[in-house]
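Here is the structure we will look at, set down as structure tokens.
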Amino acid sequence: MSKIRQPDEEVKEVAQEAFSTASNYENVRPGYPAEAVELFLNNLGVGVMEKEDDNDNKPRPFTILEVGCGTGKFTRVMLQVLEDKNVHVIASEPVQSMYEQFKVVVPDAEIIQCTAENISLPDSSVDAVIAAQAFHWFANRAACEEIHRVLKPSGTFGIIWSQEDLSVPWTKDLYVFMDTLHEQNGLVFPYQENWKILRSRIFDKLFHPPKEDSSYKQFFPSSIEGAYNYLSSHSVVSGGTERNKKDFKEYFDSVMEKHFKADGIPFHHVPLQLYMYWFTKEA
Ligand SMILES: C[S@@+](CC[C@H](N)C(=O)[O-])C[C@H]1O[C@@H](n2cnc3c(N)ncnc32)[C@H](O)[C@@H]1O
């Protein structure tokens, strides 16, 4: 008899490996700026339901499902921003250690354990679905159709990514290396050509053309060592082979030498850019 696969086993192997140490992820990743999260949530239509009454005159909450919630870095900022709103947040995460850590760090939030490709919620049951720094892991037809299935008519799928700002020369250099790893692992990011392809092949068939915003820049103050810890926590490095990790360290050191150390230029921060998209389901 074949064994039923656990949500953990359904995610890419490199994700299983990278996210098996939730505490490292929690410690080295930057949070999200509240102002940007507010803009992101407003565009999902949060708050619209507040005027709507059910039969018993109690406004029904606006329900948000966050897929790939990890340790709740985005969830915590979202809950703060939505403190005075009538919302019901359901977080979801497939990897056991992230799921466990979430329950410790965000004890009052509801969490379910599932992948984006197999969401354990009924059809048309949520007003919005969010993927924060996670969509590259499930940028496939099965997940997009599943997200579409659980959304109510006119519901919105919001994607937010915090990405190194590739208009800065040293991050652009570093990404020559990172992108070979992204490609090897079949990951899709918003600055890549394959994101455009995915949109035309899958999203355009399921959703209205998106609203988007990529104007928000963020600076993550850091030393070179901190930048290394942060960048090497990117799952394609931390979940890769020992060889990958060694190659990344050498490449990172060479980029730091070229752009900072050789000329004694001080290092201040990792420049980040936020990409946000809002895809709406037909009414
Ligand atoms: C980079 S973390 C982002 C976590 C969190 N949303 C944040 O903003 O910090 C990506 C998360 O996606 C999860 N993930 C990987 N594959 C997934 C899948 N197929 N379905 C849902 N989540 C997945 C990982 O386990 C991980 O927790």
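Please note that chains go A, B, ... in the order of the structure tokens, that every chain numbers its residues from 1, and that ligands are numbered from 1 in the order shown.
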
- Name all residues at most 9 Å from region 103-114 of chain A (count only C-alpha atoms; drop same-chain ones fewer than 4 positions away) and give them as a ChimeraX atom specification. /A:6-8,67-69,71-72,75-76,79,88-96,98-99,118-120

- Message: Report as a ChimeraX atom specification all protein, DNA and RNA residues lying within 9 Å of region 175-185 of chain A, evaluated on only C-alpha atoms, omitting residues in the same chain fewer than 4 positions from it.
- Response: /A:12,14,164,166,170-171,189,236-237,240,244,248,251-252

Convert the current residue selection to file output with N, CA and C atoms, as an mmCIF file, in the first residue's frame.
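Below is the file that was written, part-v3.cif:
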data_model
loop_
_atom_site.group_PDB
_atom_site.id
_atom_site.type_symbol
_atom_site.label_atom_id
_atom_site.label_comp_id
_atom_site.auth_asym_id
_atom_site.auth_seq_id
_atom_site.Cartn_x
_atom_site.Cartn_y
_atom_site.Cartn_z
ATOM 1 N N LYS A 12 9.683 21.164 -2.571
ATOM 2 C CA LYS A 12 10.964 20.860 -3.217
ATOM 3 C C LYS A 12 11.993 20.470 -2.165
ATOM 4 N N VAL A 14 15.107 21.080 -1.837
ATOM 5 C CA VAL A 14 15.985 22.154 -1.352
ATOM 6 C C VAL A 14 15.247 23.003 -0.299
ATOM 7 N N GLU A 164 16.808 41.540 -3.338
ATOM 8 C CA GLU A 164 17.944 42.446 -3.408
ATOM 9 C C GLU A 164 17.710 43.397 -4.589
ATOM 10 N N LEU A 166 18.548 44.976 -7.648
ATOM 11 C CA LEU A 166 19.539 44.613 -8.664
ATOM 12 C C LEU A 166 19.987 45.794 -9.523
ATOM 13 N N TRP A 170 26.862 45.869 -6.795
ATOM 14 C CA TRP A 170 27.377 44.654 -6.130
ATOM 15 C C TRP A 170 26.321 43.560 -6.049
ATOM 16 N N THR A 171 25.044 43.938 -5.881
ATOM 17 C CA THR A 171 24.014 42.889 -5.813
ATOM 18 C C THR A 171 23.804 42.294 -7.216
ATOM 19 N N PHE A 189 11.407 34.322 -10.020
ATOM 20 C CA PHE A 189 11.428 35.598 -9.294
ATOM 21 C C PHE A 189 10.940 36.729 -10.197
ATOM 22 N N VAL A 236 18.384 28.565 -1.674
ATOM 23 C CA VAL A 236 19.163 27.858 -2.697
ATOM 24 C C VAL A 236 20.609 27.637 -2.234
ATOM 25 N N VAL A 237 21.067 28.468 -1.280
ATOM 26 C CA VAL A 237 22.409 28.260 -0.720
ATOM 27 C C VAL A 237 22.298 27.346 0.504
ATOM 28 N N GLY A 240 21.353 23.889 -0.266
ATOM 29 C CA GLY A 240 22.145 23.239 -1.319
ATOM 30 C C GLY A 240 23.233 22.332 -0.754
ATOM 31 N N ASN A 244 28.020 23.810 -3.060
ATOM 32 C CA ASN A 244 27.312 25.072 -3.351
ATOM 33 C C ASN A 244 27.649 26.138 -2.323
ATOM 34 N N PHE A 248 29.522 29.554 -3.001
ATOM 35 C CA PHE A 248 28.851 30.831 -2.721
ATOM 36 C C PHE A 248 29.753 31.717 -1.866
ATOM 37 N N TYR A 251 32.447 33.218 -3.976
ATOM 38 C CA TYR A 251 31.897 34.222 -4.894
ATOM 39 C C TYR A 251 31.547 35.502 -4.130
ATOM 40 N N PHE A 252 30.910 35.325 -2.966
ATOM 41 C CA PHE A 252 30.534 36.473 -2.136
ATOM 42 C C PHE A 252 31.794 37.263 -1.755
#

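Closest to Lys73 (chain A) among A:Asn27, A:Ser222, A:Gln163, A:Ser200 is A:Asn27, based on only C-alpha atoms.
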
- DSSP strand (DSSP E or B) residues within region 8-172 of chain A, listed as JSON, numbers by chain: {"A": [53, 59, 62, 63, 64, 65, 66, 67, 87, 88, 89, 90, 91, 92, 110, 111, 112, 126, 127, 128, 129, 130, 131, 132, 151, 152, 153, 154, 155, 156, 157, 158, 159, 160, 161, 162, 163, 164]}

Requested write-out: C-alpha atoms of the selected residues, as a compact mmCIF listing (two decimals), in the first residue's frame:
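Saved file out13.txt follows:
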# COMPACT_ATOMS: atom_id res chain seq x y z
CA ASP A 53 -23.96 42.77 7.71
CA PRO A 59 -20.24 42.14 10.13
CA PHE A 62 -12.55 39.61 5.88
CA THR A 63 -10.76 36.27 5.63
CA ILE A 64 -7.11 36.11 4.55
CA LEU A 65 -5.15 32.95 3.86
CA GLU A 66 -1.38 33.33 3.92
CA VAL A 67 0.36 30.49 2.08
CA VAL A 87 -10.21 40.18 9.80
CA HIS A 88 -9.67 36.47 10.20
CA VAL A 89 -6.15 35.38 9.26
CA ILE A 90 -5.39 31.74 8.49
CA ALA A 91 -1.71 30.98 8.02
CA SER A 92 -0.48 27.85 6.23
CA GLU A 110 -4.65 30.01 13.31
CA ILE A 111 -2.32 27.83 11.24
CA ILE A 112 -2.94 24.82 9.01
CA VAL A 126 -11.44 33.25 1.57
CA ASP A 127 -11.48 36.90 0.50
CA ALA A 128 -7.75 37.09 -0.14
CA VAL A 129 -4.72 34.83 -0.45
CA ILE A 130 -1.24 36.14 0.25
CA ALA A 131 2.19 34.77 -0.63
CA ALA A 132 4.93 36.74 1.13
CA LEU A 151 -10.75 32.47 -3.36
CA LYS A 152 -14.27 33.87 -3.36
CA PRO A 153 -15.46 35.55 -6.58
CA SER A 154 -13.76 38.98 -6.81
CA GLY A 155 -11.21 37.82 -4.24
CA THR A 156 -7.58 38.84 -4.64
CA PHE A 157 -4.30 36.93 -4.69
CA GLY A 158 -1.54 39.22 -3.42
CA ILE A 159 2.13 38.40 -3.93
CA ILE A 160 4.87 40.31 -2.14
CA TRP A 161 8.60 39.70 -2.58
CA SER A 162 11.50 41.41 -0.92
CA GLN A 163 14.41 41.10 -3.30
CA GLU A 164 17.94 42.45 -3.41

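The shortest atom-to-atom distance to His148 (chain A), with only C-alpha atoms taken into account, belongs to A:Ile202 out of A:Ala262, A:Val37, A:Val28, A:Ile202.
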
- Task: For region 140-144 of chain A, list every protein, DNA or RNA residue within 6 Å, evaluated using only C-alpha atoms, and leave out those in the same chain fewer than 2 positions away; present the list as an NGL selection string.
- Result: :A and (116-117 or 138 or 146-147)

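With only C-alpha atoms as the atoms that count, the minimum distance from Ser125 (chain A) to the choices A:Ile224, A:Pro271, A:Pro61, A:Glu83 is reached by A:Pro61.
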
- Out of region 12-136 of chain A, which residues get helix (DSSP H, G or I) from DSSP, as a PyMOL selection string? chain A and resi 13-18+22-28+34-42+48-51+73-81+96-105+135-136

Okay, now the selection with C-alpha atoms, as a PDB file, in the first residue's frame?
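Ended up saving to selection-v8.pdb:
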ATOM      1  CA  GLU A  13      13.867  19.023  -1.592  1.00  0.00           C
ATOM      2  CA  VAL A  14      15.985  22.154  -1.352  1.00  0.00           C
ATOM      3  CA  ALA A  15      13.116  23.851   0.574  1.00  0.00           C
ATOM      4  CA  GLN A  16      12.799  20.882   2.934  1.00  0.00           C
ATOM      5  CA  GLU A  17      16.509  21.160   3.681  1.00  0.00           C
ATOM      6  CA  ALA A  18      16.712  24.974   3.870  1.00  0.00           C
ATOM      7  CA  ALA A  22      13.554  27.576  11.329  1.00  0.00           C
ATOM      8  CA  SER A  23      15.500  29.448  14.019  1.00  0.00           C
ATOM      9  CA  ASN A  24      18.261  30.469  11.585  1.00  0.00           C
ATOM     10  CA  TYR A  25      15.695  31.823   9.121  1.00  0.00           C
ATOM     11  CA  GLU A  26      13.992  33.733  11.901  1.00  0.00           C
ATOM     12  CA  ASN A  27      17.250  35.321  13.103  1.00  0.00           C
ATOM     13  CA  VAL A  28      18.883  36.521   9.900  1.00  0.00           C
ATOM     14  CA  ALA A  34       4.759  48.344   8.123  1.00  0.00           C
ATOM     15  CA  GLU A  35       4.063  51.154   5.642  1.00  0.00           C
ATOM     16  CA  ALA A  36       4.573  48.843   2.651  1.00  0.00           C
ATOM     17  CA  VAL A  37       2.536  46.068   4.258  1.00  0.00           C
ATOM     18  CA  GLU A  38      -0.300  48.540   4.799  1.00  0.00           C
ATOM     19  CA  LEU A  39      -0.251  49.493   1.117  1.00  0.00           C
ATOM     20  CA  PHE A  40      -0.173  45.810   0.163  1.00  0.00           C
ATOM     21  CA  LEU A  41      -3.134  44.937   2.407  1.00  0.00           C
ATOM     22  CA  ASN A  42      -5.210  47.941   1.351  1.00  0.00           C
ATOM     23  CA  VAL A  48     -14.357  46.519   2.586  1.00  0.00           C
ATOM     24  CA  MET A  49     -16.454  43.914   4.422  1.00  0.00           C
ATOM     25  CA  GLU A  50     -16.748  45.990   7.542  1.00  0.00           C
ATOM     26  CA  LYS A  51     -19.906  47.702   6.382  1.00  0.00           C
ATOM     27  CA  LYS A  73       7.692  37.207   9.705  1.00  0.00           C
ATOM     28  CA  PHE A  74       5.086  38.673   7.388  1.00  0.00           C
ATOM     29  CA  THR A  75       2.121  37.444   9.472  1.00  0.00           C
ATOM     30  CA  ARG A  76       3.264  39.365  12.545  1.00  0.00           C
ATOM     31  CA  VAL A  77       3.520  42.683  10.709  1.00  0.00           C
ATOM     32  CA  MET A  78       0.187  41.998   8.998  1.00  0.00           C
ATOM     33  CA  LEU A  79      -1.539  41.296  12.329  1.00  0.00           C
ATOM     34  CA  GLN A  80      -0.162  44.527  13.770  1.00  0.00           C
ATOM     35  CA  VAL A  81      -1.271  46.569  10.762  1.00  0.00           C
ATOM     36  CA  GLN A  96       7.184  20.878   9.993  1.00  0.00           C
ATOM     37  CA  SER A  97       9.904  22.957  11.716  1.00  0.00           C
ATOM     38  CA  MET A  98       8.574  26.252  10.286  1.00  0.00           C
ATOM     39  CA  TYR A  99       5.033  25.213  11.235  1.00  0.00           C
ATOM     40  CA  GLU A 100       6.132  24.436  14.819  1.00  0.00           C
ATOM     41  CA  GLN A 101       8.137  27.648  15.158  1.00  0.00           C
ATOM     42  CA  PHE A 102       5.186  29.687  13.871  1.00  0.00           C
ATOM     43  CA  LYS A 103       2.976  28.260  16.633  1.00  0.00           C
ATOM     44  CA  VAL A 104       5.517  29.385  19.236  1.00  0.00           C
ATOM     45  CA  VAL A 105       6.138  32.863  17.800  1.00  0.00           C
ATOM     46  CA  PHE A 135       5.618  32.327  -4.348  1.00  0.00           C
ATOM     47  CA  HIS A 136       8.861  31.215  -6.050  1.00  0.00           C
TER      48      HIS A 136
END

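The smallest atom-to-atom distance between Lys196 (chain A) and any of A:Ser167, A:Asp253, A:Ala139, A:Asn229, using only C-alpha atoms, is found for A:Ala139.
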
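The space separating CA of Phe279 (chain A) from CA of Pro210 (chain A) comes to 4.7 Å.
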
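Here the question is which of A:Val11, A:Leu174, A:Ile197, A:Leu274 gets nearest to Val255 (chain A) using only C-alpha atoms, and that residue is A:Leu174.
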
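The two atoms in question, CA of Asp165 (chain A) and CA of Trp137 (chain A), are spaced 20.2 Å apart.
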
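Take the candidates A:Ser20, A:Ser233, A:Gln133, A:Gln273 and check each one against ligand 1 using only C-alpha atoms and all ligand atoms; the shortest distance goes to A:Gln133.
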